[in-house]
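Q: As input, take input-v7.pdb (PDB, N, CA and C atoms):
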ATOM      1  N   ALA A   1      18.257   3.145  -1.913
ATOM      2  CA  ALA A   1      18.578   3.834  -3.156
ATOM      3  C   ALA A   1      17.808   3.196  -4.314
ATOM      4  N   ARG A   2      17.737   1.876  -4.305
ATOM      5  CA  ARG A   2      17.022   1.172  -5.379
ATOM      6  C   ARG A   2      15.548   1.537  -5.378
ATOM      7  N   LEU A   3      14.949   1.622  -4.187
ATOM      8  CA  LEU A   3      13.534   1.990  -4.094
ATOM      9  C   LEU A   3      13.295   3.411  -4.588
ATOM     10  N   ALA A   4      14.208   4.299  -4.252
ATOM     11  CA  ALA A   4      14.033   5.707  -4.609
ATOM     12  C   ALA A   4      14.100   5.923  -6.114
ATOM     13  N   SER A   5      14.888   5.101  -6.817
ATOM     14  CA  SER A   5      15.059   5.321  -8.251
ATOM     15  C   SER A   5      14.188   4.413  -9.111
ATOM     16  N   ALA A   6      13.572   3.411  -8.527
ATOM     17  CA  ALA A   6      12.762   2.463  -9.295
ATOM     18  C   ALA A   6      11.432   3.090  -9.694
ATOM     19  N   PRO A   7      10.884   2.653 -10.816
ATOM     20  CA  PRO A   7       9.519   3.096 -11.167
ATOM     21  C   PRO A   7       8.558   2.693 -10.054
ATOM     22  N   GLU A   8       7.448   3.399  -9.956
ATOM     23  CA  GLU A   8       6.525   3.180  -8.843
ATOM     24  C   GLU A   8       6.073   1.730  -8.716
ATOM     25  N   SER A   9       5.700   1.098  -9.807
ATOM     26  CA  SER A   9       5.210  -0.284  -9.717
ATOM     27  C   SER A   9       6.300  -1.226  -9.209
ATOM     28  N   GLU A  10       7.525  -1.033  -9.659
ATOM     29  CA  GLU A  10       8.638  -1.872  -9.193
ATOM     30  C   GLU A  10       8.947  -1.595  -7.724
ATOM     31  N   ALA A  11       8.937  -0.327  -7.342
ATOM     32  CA  ALA A  11       9.208   0.032  -5.943
ATOM     33  C   ALA A  11       8.139  -0.547  -5.021
ATOM     34  N   LEU A  12       6.876  -0.496  -5.437
ATOM     35  CA  LEU A  12       5.808  -1.075  -4.624
ATOM     36  C   LEU A  12       5.984  -2.588  -4.481
ATOM     37  N   ALA A  13       6.372  -3.249  -5.564
ATOM     38  CA  ALA A  13       6.595  -4.703  -5.499
ATOM     39  C   ALA A  13       7.757  -5.014  -4.553
ATOM     40  N   LEU A  14       8.821  -4.232  -4.614
ATOM     41  CA  LEU A  14       9.960  -4.440  -3.710
ATOM     42  C   LEU A  14       9.549  -4.234  -2.251
ATOM     43  N   LEU A  15       8.777  -3.185  -2.008
ATOM     44  CA  LEU A  15       8.311  -2.921  -0.649
ATOM     45  C   LEU A  15       7.385  -4.020  -0.150
ATOM     46  N   ARG A  16       6.464  -4.462  -0.988
ATOM     47  CA  ARG A  16       5.565  -5.552  -0.582
ATOM     48  C   ARG A  16       6.355  -6.810  -0.243
ATOM     49  N   ASP A  17       7.372  -7.128  -1.056
ATOM     50  CA  ASP A  17       8.203  -8.305  -0.784
ATOM     51  C   ASP A  17       8.963  -8.155   0.531
ATOM     52  N   ALA A  18       9.526  -6.970   0.755
ATOM     53  CA  ALA A  18      10.276  -6.733   1.999
ATOM     54  C   ALA A  18       9.349  -6.800   3.211
ATOM     55  N   LEU A  19       8.163  -6.226   3.087
ATOM     56  CA  LEU A  19       7.199  -6.267   4.187
ATOM     57  C   LEU A  19       6.727  -7.688   4.450
ATOM     58  N   ALA A  20       6.476  -8.450   3.383
ATOM     59  CA  ALA A  20       6.048  -9.845   3.554
ATOM     60  C   ALA A  20       7.140 -10.657   4.240
ATOM     61  N   ALA A  21       8.390 -10.400   3.884
ATOM     62  CA  ALA A  21       9.501 -11.117   4.515
ATOM     63  C   ALA A  21       9.587 -10.778   6.002
ATOM     64  N   GLU A  22       9.445  -9.499   6.335
ATOM     65  CA  GLU A  22       9.503  -9.096   7.747
ATOM     66  C   GLU A  22       8.316  -9.656   8.526
ATOM     67  N   LEU A  23       7.128  -9.555   7.940
ATOM     68  CA  LEU A  23       5.948 -10.096   8.616
ATOM     69  C   LEU A  23       6.067 -11.609   8.784
ATOM     70  N   GLY A  24       6.590 -12.276   7.767
ATOM     71  CA  GLY A  24       6.796 -13.711   7.863
ATOM     72  C   GLY A  24       7.746 -14.068   8.990
ATOM     73  N   ARG A  25       8.810 -13.290   9.116
ATOM     74  CA  ARG A  25       9.778 -13.523  10.192
ATOM     75  C   ARG A  25       9.117 -13.309  11.551
ATOM     76  N   ILE A  26       8.394 -12.225  11.684
ATOM     77  CA  ILE A  26       7.759 -11.881  12.961
ATOM     78  C   ILE A  26       6.675 -12.887  13.332
ATOM     79  N   LEU A  27       5.850 -13.266  12.355
ATOM     80  CA  LEU A  27       4.708 -14.135  12.621
ATOM     81  C   LEU A  27       5.028 -15.621  12.424
ATOM     82  N   ARG A  28       6.253 -15.891  11.989
ATOM     83  CA  ARG A  28       6.686 -17.268  11.705
ATOM     84  C   ARG A  28       5.780 -17.925  10.668
ATOM     85  N   LEU A  29       5.578 -17.175   9.589
ATOM     86  CA  LEU A  29       4.792 -17.644   8.455
ATOM     87  C   LEU A  29       5.658 -17.567   7.203
ATOM     88  N   PRO A  30       5.405 -18.421   6.225
ATOM     89  CA  PRO A  30       6.117 -18.269   4.954
ATOM     90  C   PRO A  30       5.710 -16.949   4.303
ATOM     91  N   PRO A  31       6.665 -16.145   3.852
ATOM     92  CA  PRO A  31       6.317 -14.854   3.245
ATOM     93  C   PRO A  31       5.308 -14.984   2.109
ATOM     94  N   GLY A  32       5.357 -16.077   1.357
ATOM     95  CA  GLY A  32       4.423 -16.267   0.254
ATOM     96  C   GLY A  32       2.987 -16.478   0.691
ATOM     97  N   SER A  33       2.783 -16.772   1.964
ATOM     98  CA  SER A  33       1.422 -16.989   2.458
ATOM     99  C   SER A  33       0.751 -15.696   2.908
ATOM    100  N   ILE A  34       1.490 -14.613   2.896
ATOM    101  CA  ILE A  34       0.957 -13.326   3.353
ATOM    102  C   ILE A  34       0.420 -12.567   2.145
ATOM    103  N   ARG A  35      -0.876 -12.462   2.072
ATOM    104  CA  ARG A  35      -1.533 -11.784   0.954
ATOM    105  C   ARG A  35      -1.503 -10.270   1.159
ATOM    106  N   ALA A  36      -1.289  -9.553   0.080
ATOM    107  CA  ALA A  36      -1.157  -8.096   0.130
ATOM    108  C   ALA A  36      -2.426  -7.399   0.598
ATOM    109  N   GLU A  37      -3.594  -8.009   0.404
ATOM    110  CA  GLU A  37      -4.859  -7.358   0.748
ATOM    111  C   GLU A  37      -5.433  -7.812   2.090
ATOM    112  N   THR A  38      -4.724  -8.651   2.824
ATOM    113  CA  THR A  38      -5.193  -9.090   4.134
ATOM    114  C   THR A  38      -4.809  -8.046   5.177
ATOM    115  N   PRO A  39      -5.762  -7.607   5.997
ATOM    116  CA  PRO A  39      -5.409  -6.656   7.059
ATOM    117  C   PRO A  39      -4.323  -7.255   7.969
ATOM    118  N   LEU A  40      -3.368  -6.423   8.361
ATOM    119  CA  LEU A  40      -2.273  -6.894   9.212
ATOM    120  C   LEU A  40      -2.796  -7.489  10.504
ATOM    121  N   SER A  41      -3.847  -6.892  11.050
ATOM    122  CA  SER A  41      -4.404  -7.421  12.297
ATOM    123  C   SER A  41      -5.003  -8.808  12.072
ATOM    124  N   GLY A  42      -5.489  -9.075  10.871
ATOM    125  CA  GLY A  42      -6.046 -10.376  10.544
ATOM    126  C   GLY A  42      -4.999 -11.462  10.404
ATOM    127  N   LEU A  43      -3.745 -11.053  10.260
ATOM    128  CA  LEU A  43      -2.649 -12.022  10.172
ATOM    129  C   LEU A  43      -2.186 -12.480  11.550
ATOM    130  N   GLY A  44      -2.684 -11.800  12.578
ATOM    131  CA  GLY A  44      -2.263 -12.138  13.930
ATOM    132  C   GLY A  44      -1.183 -11.210  14.458
ATOM    133  N   LEU A  45      -0.975 -10.086  13.808
ATOM    134  CA  LEU A  45       0.034  -9.132  14.262
ATOM    135  C   LEU A  45      -0.508  -8.400  15.487
ATOM    136  N   ASP A  46       0.116  -8.635  16.625
ATOM    137  CA  ASP A  46      -0.302  -7.978  17.864
ATOM    138  C   ASP A  46       0.592  -6.775  18.130
ATOM    139  N   SER A  47       0.429  -6.161  19.295
ATOM    140  CA  SER A  47       1.194  -4.950  19.592
ATOM    141  C   SER A  47       2.699  -5.221  19.649
ATOM    142  N   LEU A  48       3.106  -6.362  20.168
ATOM    143  CA  LEU A  48       4.532  -6.702  20.211
ATOM    144  C   LEU A  48       5.068  -6.898  18.790
ATOM    145  N   GLY A  49       4.299  -7.603  17.969
ATOM    146  CA  GLY A  49       4.695  -7.776  16.576
ATOM    147  C   GLY A  49       4.739  -6.451  15.838
ATOM    148  N   GLY A  50       3.805  -5.558  16.168
ATOM    149  CA  GLY A  50       3.806  -4.225  15.572
ATOM    150  C   GLY A  50       5.065  -3.448  15.930
ATOM    151  N   MET A  51       5.517  -3.610  17.182
ATOM    152  CA  MET A  51       6.760  -2.946  17.596
ATOM    153  C   MET A  51       7.948  -3.529  16.827
ATOM    154  N   GLU A  52       7.951  -4.840  16.626
ATOM    155  CA  GLU A  52       9.020  -5.473  15.845
ATOM    156  C   GLU A  52       9.014  -4.977  14.406
ATOM    157  N   LEU A  53       7.814  -4.851  13.834
ATOM    158  CA  LEU A  53       7.720  -4.366  12.462
ATOM    159  C   LEU A  53       8.187  -2.920  12.366
ATOM    160  N   ARG A  54       7.813  -2.106  13.332
ATOM    161  CA  ARG A  54       8.283  -0.711  13.350
ATOM    162  C   ARG A  54       9.813  -0.649  13.390
ATOM    163  N   ALA A  55      10.422  -1.470  14.238
ATOM    164  CA  ALA A  55      11.884  -1.494  14.345
ATOM    165  C   ALA A  55      12.515  -1.953  13.032
ATOM    166  N   ALA A  56      11.922  -2.954  12.403
ATOM    167  CA  ALA A  56      12.454  -3.454  11.135
ATOM    168  C   ALA A  56      12.355  -2.389  10.044
ATOM    169  N   LEU A  57      11.240  -1.661  10.000
ATOM    170  CA  LEU A  57      11.082  -0.596   9.008
ATOM    171  C   LEU A  57      12.123   0.491   9.218
ATOM    172  N   ASP A  58      12.367   0.816  10.462
ATOM    173  CA  ASP A  58      13.358   1.839  10.777
ATOM    174  C   ASP A  58      14.757   1.378  10.382
ATOM    175  N   GLN A  59      15.100   0.138  10.706
ATOM    176  CA  GLN A  59      16.439  -0.372  10.412
ATOM    177  C   GLN A  59      16.673  -0.594   8.924
ATOM    178  N   ARG A  60      15.708  -1.215   8.243
ATOM    179  CA  ARG A  60      15.901  -1.573   6.837
ATOM    180  C   ARG A  60      15.680  -0.416   5.883
ATOM    181  N   LEU A  61      14.699   0.449   6.204
ATOM    182  CA  LEU A  61      14.321   1.496   5.263
ATOM    183  C   LEU A  61      14.579   2.901   5.785
ATOM    184  N   GLY A  62      14.884   3.002   7.062
ATOM    185  CA  GLY A  62      15.082   4.317   7.636
ATOM    186  C   GLY A  62      13.797   5.111   7.727
ATOM    187  N   LEU A  63      12.663   4.415   7.807
ATOM    188  CA  LEU A  63      11.365   5.073   7.862
ATOM    189  C   LEU A  63      10.662   4.772   9.166
ATOM    190  N   ALA A  64       9.950   5.749   9.648
ATOM    191  CA  ALA A  64       9.106   5.529  10.816
ATOM    192  C   ALA A  64       7.805   4.899  10.333
ATOM    193  N   ALA A  65       7.338   3.915  11.067
ATOM    194  CA  ALA A  65       6.068   3.275  10.707
ATOM    195  C   ALA A  65       4.950   4.293  10.865
ATOM    196  N   PRO A  66       3.989   4.248   9.960
ATOM    197  CA  PRO A  66       2.896   5.224  10.030
ATOM    198  C   PRO A  66       1.988   4.965  11.216
ATOM    199  N   PRO A  67       1.296   6.002  11.668
ATOM    200  CA  PRO A  67       0.301   5.797  12.723
ATOM    201  C   PRO A  67      -0.753   4.816  12.226
ATOM    202  N   GLY A  68      -1.344   4.094  13.140
ATOM    203  CA  GLY A  68      -2.388   3.154  12.756
ATOM    204  C   GLY A  68      -1.856   1.870  12.161
ATOM    205  N   LEU A  69      -0.611   1.516  12.476
ATOM    206  CA  LEU A  69      -0.013   0.311  11.918
ATOM    207  C   LEU A  69      -0.873  -0.915  12.187
ATOM    208  N   LEU A  70      -1.494  -0.955  13.330
ATOM    209  CA  LEU A  70      -2.314  -2.106  13.678
ATOM    210  C   LEU A  70      -3.800  -1.815  13.551
ATOM    211  N   SER A  71      -4.141  -0.861  12.704
ATOM    212  CA  SER A  71      -5.560  -0.564  12.525
ATOM    213  C   SER A  71      -6.255  -1.788  11.943
ATOM    214  N   GLU A  72      -7.547  -1.825  12.113
ATOM    215  CA  GLU A  72      -8.341  -2.968  11.666
ATOM    216  C   GLU A  72      -8.186  -3.254  10.181
ATOM    217  N   ASP A  73      -7.967  -2.214   9.374
ATOM    218  CA  ASP A  73      -8.015  -2.416   7.935
ATOM    219  C   ASP A  73      -6.723  -2.132   7.177
ATOM    220  N   LEU A  74      -5.629  -1.829   7.849
ATOM    221  CA  LEU A  74      -4.387  -1.564   7.138
ATOM    222  C   LEU A  74      -3.839  -2.870   6.575
ATOM    223  N   THR A  75      -3.620  -2.888   5.270
ATOM    224  CA  THR A  75      -3.100  -4.062   4.595
ATOM    225  C   THR A  75      -1.639  -3.871   4.236
ATOM    226  N   LEU A  76      -0.991  -4.951   3.861
ATOM    227  CA  LEU A  76       0.398  -4.883   3.424
ATOM    228  C   LEU A  76       0.501  -3.973   2.196
ATOM    229  N   ALA A  77      -0.442  -4.075   1.274
ATOM    230  CA  ALA A  77      -0.426  -3.244   0.069
ATOM    231  C   ALA A  77      -0.558  -1.761   0.418
ATOM    232  N   ALA A  78      -1.477  -1.442   1.321
ATOM    233  CA  ALA A  78      -1.670  -0.042   1.716
ATOM    234  C   ALA A  78      -0.447   0.480   2.462
ATOM    235  N   LEU A  79       0.150  -0.356   3.303
ATOM    236  CA  LEU A  79       1.352   0.054   4.026
ATOM    237  C   LEU A  79       2.489   0.324   3.049
ATOM    238  N   ALA A  80       2.633  -0.525   2.041
ATOM    239  CA  ALA A  80       3.675  -0.312   1.030
ATOM    240  C   ALA A  80       3.452   1.019   0.307
ATOM    241  N   GLN A  81       2.199   1.327  -0.039
ATOM    242  CA  GLN A  81       1.906   2.594  -0.708
ATOM    243  C   GLN A  81       2.230   3.782   0.182
ATOM    244  N   ARG A  82       1.879   3.685   1.447
ATOM    245  CA  ARG A  82       2.149   4.791   2.378
ATOM    246  C   ARG A  82       3.644   4.989   2.555
ATOM    247  N   LEU A  83       4.380   3.898   2.686
ATOM    248  CA  LEU A  83       5.829   4.000   2.862
ATOM    249  C   LEU A  83       6.496   4.585   1.624
ATOM    250  N   LEU A  84       6.067   4.153   0.449
ATOM    251  CA  LEU A  84       6.649   4.685  -0.779
ATOM    252  C   LEU A  84       6.373   6.175  -0.905
ATOM    253  N   ALA A  85       5.155   6.590  -0.592
ATOM    254  CA  ALA A  85       4.821   8.013  -0.653
ATOM    255  C   ALA A  85       5.703   8.803   0.309
ATOM    256  N   GLU A  86       5.929   8.250   1.502
ATOM    257  CA  GLU A  86       6.783   8.926   2.473
ATOM    258  C   GLU A  86       8.229   8.972   1.994
ATOM    259  N   MET A  87       8.711   7.867   1.438
ATOM    260  CA  MET A  87      10.091   7.816   0.959
ATOM    261  C   MET A  87      10.347   8.824  -0.149
ATOM    262  N   ARG A  88       9.374   8.991  -0.983
ATOM    263  CA  ARG A  88       9.550   9.875  -2.136
ATOM    264  C   ARG A  88       9.134  11.302  -1.837
ATOM    265  N   GLY A  89       8.816  11.562  -0.574
ATOM    266  CA  GLY A  89       8.502  12.923  -0.175
ATOM    267  C   GLY A  89       7.212  13.441  -0.763
ATOM    268  N   ALA A  90       6.260  12.551  -0.959
ATOM    269  CA  ALA A  90       4.984  12.974  -1.521
ATOM    270  C   ALA A  90       4.285  13.907  -0.542
ATOM    271  N   PRO A  91       3.568  14.884  -1.073
ATOM    272  CA  PRO A  91       2.804  15.752  -0.190
ATOM    273  C   PRO A  91       1.731  14.937   0.526
ATOM    274  N   PRO A  92       1.265  15.396   1.686
ATOM    275  CA  PRO A  92       0.260  14.649   2.443
ATOM    276  C   PRO A  92      -0.970  14.278   1.629
ATOM    277  N   GLU A  93      -1.354  15.133   0.674
ATOM    278  CA  GLU A  93      -2.525  14.835  -0.144
ATOM    279  C   GLU A  93      -2.303  13.569  -0.967
ATOM    280  N   ALA A  94      -1.092  13.377  -1.488
ATOM    281  CA  ALA A  94      -0.803  12.194  -2.289
ATOM    282  C   ALA A  94      -0.831  10.947  -1.426
ATOM    283  N   ALA A  95      -0.323  11.044  -0.215
ATOM    284  CA  ALA A  95      -0.361   9.896   0.698
ATOM    285  C   ALA A  95      -1.802   9.555   1.046
ATOM    286  N   ALA A  96      -2.620  10.570   1.258
ATOM    287  CA  ALA A  96      -4.030  10.336   1.569
ATOM    288  C   ALA A  96      -4.746   9.713   0.376
ATOM    289  N   THR A  97      -4.427  10.165  -0.830
ATOM    290  CA  THR A  97      -5.030   9.601  -2.030
ATOM    291  C   THR A  97      -4.636   8.136  -2.181
ATOM    292  N   ALA A  98      -3.367   7.815  -1.926
ATOM    293  CA  ALA A  98      -2.904   6.427  -2.010
ATOM    294  C   ALA A  98      -3.623   5.560  -0.981
ATOM    295  N   LEU A  99      -3.808   6.096   0.199
ATOM    296  CA  LEU A  99      -4.498   5.343   1.252
ATOM    297  C   LEU A  99      -5.960   5.106   0.878
ATOM    298  N   LEU A 100      -6.624   6.127   0.370
ATOM    299  CA  LEU A 100      -8.014   5.967  -0.055
ATOM    300  C   LEU A 100      -8.126   4.956  -1.189
ATOM    301  N   ALA A 101      -7.194   5.018  -2.137
ATOM    302  CA  ALA A 101      -7.223   4.081  -3.261
ATOM    303  C   ALA A 101      -7.067   2.642  -2.787
ATOM    304  N   ALA A 102      -6.294   2.451  -1.738
ATOM    305  CA  ALA A 102      -6.069   1.100  -1.226
ATOM    306  C   ALA A 102      -7.279   0.555  -0.483
ATOM    307  N   HIS A 103      -8.125   1.441   0.033
ATOM    308  CA  HIS A 103      -9.243   0.991   0.863
ATOM    309  C   HIS A 103     -10.611   1.150   0.231
ATOM    310  N   GLU A 104     -10.715   1.950  -0.796
ATOM    311  CA  GLU A 104     -12.000   2.153  -1.450
ATOM    312  C   GLU A 104     -12.162   1.120  -2.548
ATOM    313  N   PRO A 105     -13.361   0.555  -2.701
ATOM    314  CA  PRO A 105     -13.569  -0.404  -3.774
ATOM    315  C   PRO A 105     -13.482   0.282  -5.128
ATOM    316  N   SER A 106     -12.965  -0.447  -6.079
ATOM    317  CA  SER A 106     -12.887   0.079  -7.450
ATOM    318  C   SER A 106     -14.287   0.136  -8.038
ATOM    319  N   PRO A 107     -14.537   1.075  -8.936
ATOM    320  CA  PRO A 107     -15.863   1.143  -9.560
ATOM    321  C   PRO A 107     -16.171  -0.189 -10.254
ATOM    322  N   GLY A 108     -17.388  -0.656 -10.066
ATOM    323  CA  GLY A 108     -17.804  -1.892 -10.693
ATOM    324  C   GLY A 108     -17.512  -3.143  -9.889
ATOM    325  N   THR A 109     -16.789  -3.019  -8.750
ATOM    326  CA  THR A 109     -16.477  -4.195  -7.947
ATOM    327  C   THR A 109     -17.356  -4.285  -6.710
ATOM    328  N   GLU A 110     -18.202  -3.287  -6.518
ATOM    329  CA  GLU A 110     -19.071  -3.290  -5.343
ATOM    330  C   GLU A 110     -20.173  -4.313  -5.554
ATOM    331  N   ALA A 111     -20.531  -4.998  -4.500
ATOM    332  CA  ALA A 111     -21.595  -5.991  -4.573
ATOM    333  C   ALA A 111     -22.933  -5.287  -4.753
ATOM    334  N   ALA A 112     -23.765  -5.867  -5.531
ATOM    335  CA  ALA A 112     -25.100  -5.295  -5.728
ATOM    336  C   ALA A 112     -25.921  -5.463  -4.470
ATOM    337  N   ALA A 113     -26.690  -4.450  -4.141
ATOM    338  CA  ALA A 113     -27.488  -4.491  -2.932
ATOM    339  C   ALA A 113     -28.779  -5.230  -3.129
TER     340      ALA A 113
END
Give the structure from the file, written as structure tokens.

A:
Amino acid sequence: ARLASAPESEALALLRDALAAELGRILRLPPGSIRAETPLSGLGLDSLGGMELRAALDQRLGLAAPPGLLSEDLTLAALAQRLLAEMRGAPPEAAATALLAAHEPSPGTEAAA
């Protein structure tokens, strides 16, 4: 209920904290050591850990984990955005836009060739 009524930035922060806590529990890492932009696969999350995370998302948030949970580039931040979009009933286009925003470099941050 708190996530559903919170402003987007607050809801994303709550989701990131909850995801970091779950990942920390699963991977036996301090939640503060899990960076929002690190790919989940880079943290050492394997298929068994992915199943644990899916179960935790279902139990704590009542949400099904998105496809590609263990993709090479899915980050905690991107997962939080996808979950929030799903929770708030965003149309698929909005979820896709959130996913692209999480993975595309911001203008001016690209390395010069």

Q: Which residue is closest to A:Ala20? Choose from A:Leu76, A:Gly89, A:Asp58, A:Leu48 and count only N, CA and C atoms.

A: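 Counting only N, CA and C atoms, the residue closest to A:Ala20 is A:Leu76.
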
Q: How far is it from atom C of A:Leu19 to atom N of A:Leu63, in Å with one decimal?

A: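 Atom N of A:Leu63 lies 13.9 Å from atom C of A:Leu19.
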
Q: May I ask for the distance between atom C of A:Leu84 and atom N of A:Glu22, given in Å to one decimal place?

A: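 These two atoms are separated by 17.5 Å.
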
Q: Please write the residues picked by the PyMOL selection byres ((chain A and resi 80) around 8) on this file as a PyMOL selection string.

A: chain A and resi 11-16+19+75-79+81-86

Q: What does the structure give for the distance between atom N of A:Ala18 and atom CA of A:Gly62, in Å to one decimal?

A: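 Result for atom N of A:Ala18 versus atom CA of A:Gly62: 14.3 Å, one decimal.
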
Q: At a cut-off of 6 Å, using all atoms listed in the file, what residues contact stretch 38-40 of chain A? Leave out same-chain residues fewer than 2 positions from it and give the result as a VMD selection string.

A: chain A and resid 35 to 36 42 to 45 72 to 76

Q: Could you work out an axis-aligned box for stretch 31-39 of chain A, taking every atom the file lists and adding 8 Å on each side, and report centre and edge lengths in Å to one decimal, as lines of an AutoDock Vina configuration file?

A:
center_x = 0.5
center_y = -11.8
center_z = 4.0
size_x = 28.4
size_y = 26.3
size_z = 23.9

Q: Show me that you can extract stretch 48-56 of chain A, keeping all heavy atoms, and write it as a compact mmCIF listing (two decimals), in the first residue's frame.

A:
# COMPACT_ATOMS: atom_id res chain seq x y z
N LEU A 48 19.56 -20.63 -8.89
CA LEU A 48 18.93 -20.93 -7.60
C LEU A 48 18.63 -19.63 -6.85
O LEU A 48 17.54 -19.46 -6.30
CB LEU A 48 19.82 -21.84 -6.76
CG LEU A 48 19.27 -22.23 -5.39
CD1 LEU A 48 17.93 -22.95 -5.54
CD2 LEU A 48 20.26 -23.12 -4.66
N GLY A 49 19.59 -18.72 -6.86
CA GLY A 49 19.36 -17.42 -6.23
C GLY A 49 18.24 -16.65 -6.92
O GLY A 49 17.46 -15.97 -6.28
N GLY A 50 18.17 -16.79 -8.25
CA GLY A 50 17.09 -16.16 -9.00
C GLY A 50 15.72 -16.70 -8.59
O GLY A 50 14.76 -15.95 -8.47
N MET A 51 15.67 -18.02 -8.34
CA MET A 51 14.41 -18.61 -7.88
C MET A 51 14.05 -18.08 -6.49
O MET A 51 12.88 -17.80 -6.22
CB MET A 51 14.52 -20.14 -7.87
CG MET A 51 14.55 -20.73 -9.26
SD MET A 51 14.85 -22.52 -9.32
CE MET A 51 13.76 -23.17 -8.11
N GLU A 52 15.04 -17.93 -5.63
CA GLU A 52 14.79 -17.37 -4.30
C GLU A 52 14.30 -15.93 -4.39
O GLU A 52 13.39 -15.54 -3.66
CB GLU A 52 16.06 -17.41 -3.45
CG GLU A 52 16.43 -18.78 -2.94
CD GLU A 52 17.61 -18.71 -2.00
OE1 GLU A 52 17.49 -18.06 -0.93
OE2 GLU A 52 18.65 -19.29 -2.34
N LEU A 53 14.90 -15.16 -5.29
CA LEU A 53 14.47 -13.78 -5.46
C LEU A 53 13.05 -13.71 -6.01
O LEU A 53 12.24 -12.91 -5.55
CB LEU A 53 15.44 -13.02 -6.38
CG LEU A 53 15.15 -11.53 -6.58
CD1 LEU A 53 15.12 -10.79 -5.25
CD2 LEU A 53 16.17 -10.91 -7.51
N ARG A 54 12.74 -14.57 -6.96
CA ARG A 54 11.37 -14.62 -7.49
C ARG A 54 10.36 -14.92 -6.37
O ARG A 54 9.31 -14.28 -6.28
CB ARG A 54 11.24 -15.70 -8.56
CG ARG A 54 11.90 -15.36 -9.85
CD ARG A 54 11.78 -16.56 -10.82
NE ARG A 54 12.79 -16.53 -11.83
CZ ARG A 54 12.69 -15.86 -12.97
NH1 ARG A 54 11.60 -15.18 -13.22
NH2 ARG A 54 13.66 -15.88 -13.84
N ALA A 55 10.68 -15.89 -5.52
CA ALA A 55 9.79 -16.25 -4.42
C ALA A 55 9.64 -15.08 -3.44
O ALA A 55 8.53 -14.79 -2.97
CB ALA A 55 10.32 -17.49 -3.69
N ALA A 56 10.73 -14.40 -3.16
CA ALA A 56 10.68 -13.26 -2.24
C ALA A 56 9.83 -12.13 -2.82
O ALA A 56 9.04 -11.50 -2.11
CB ALA A 56 12.10 -12.76 -1.95
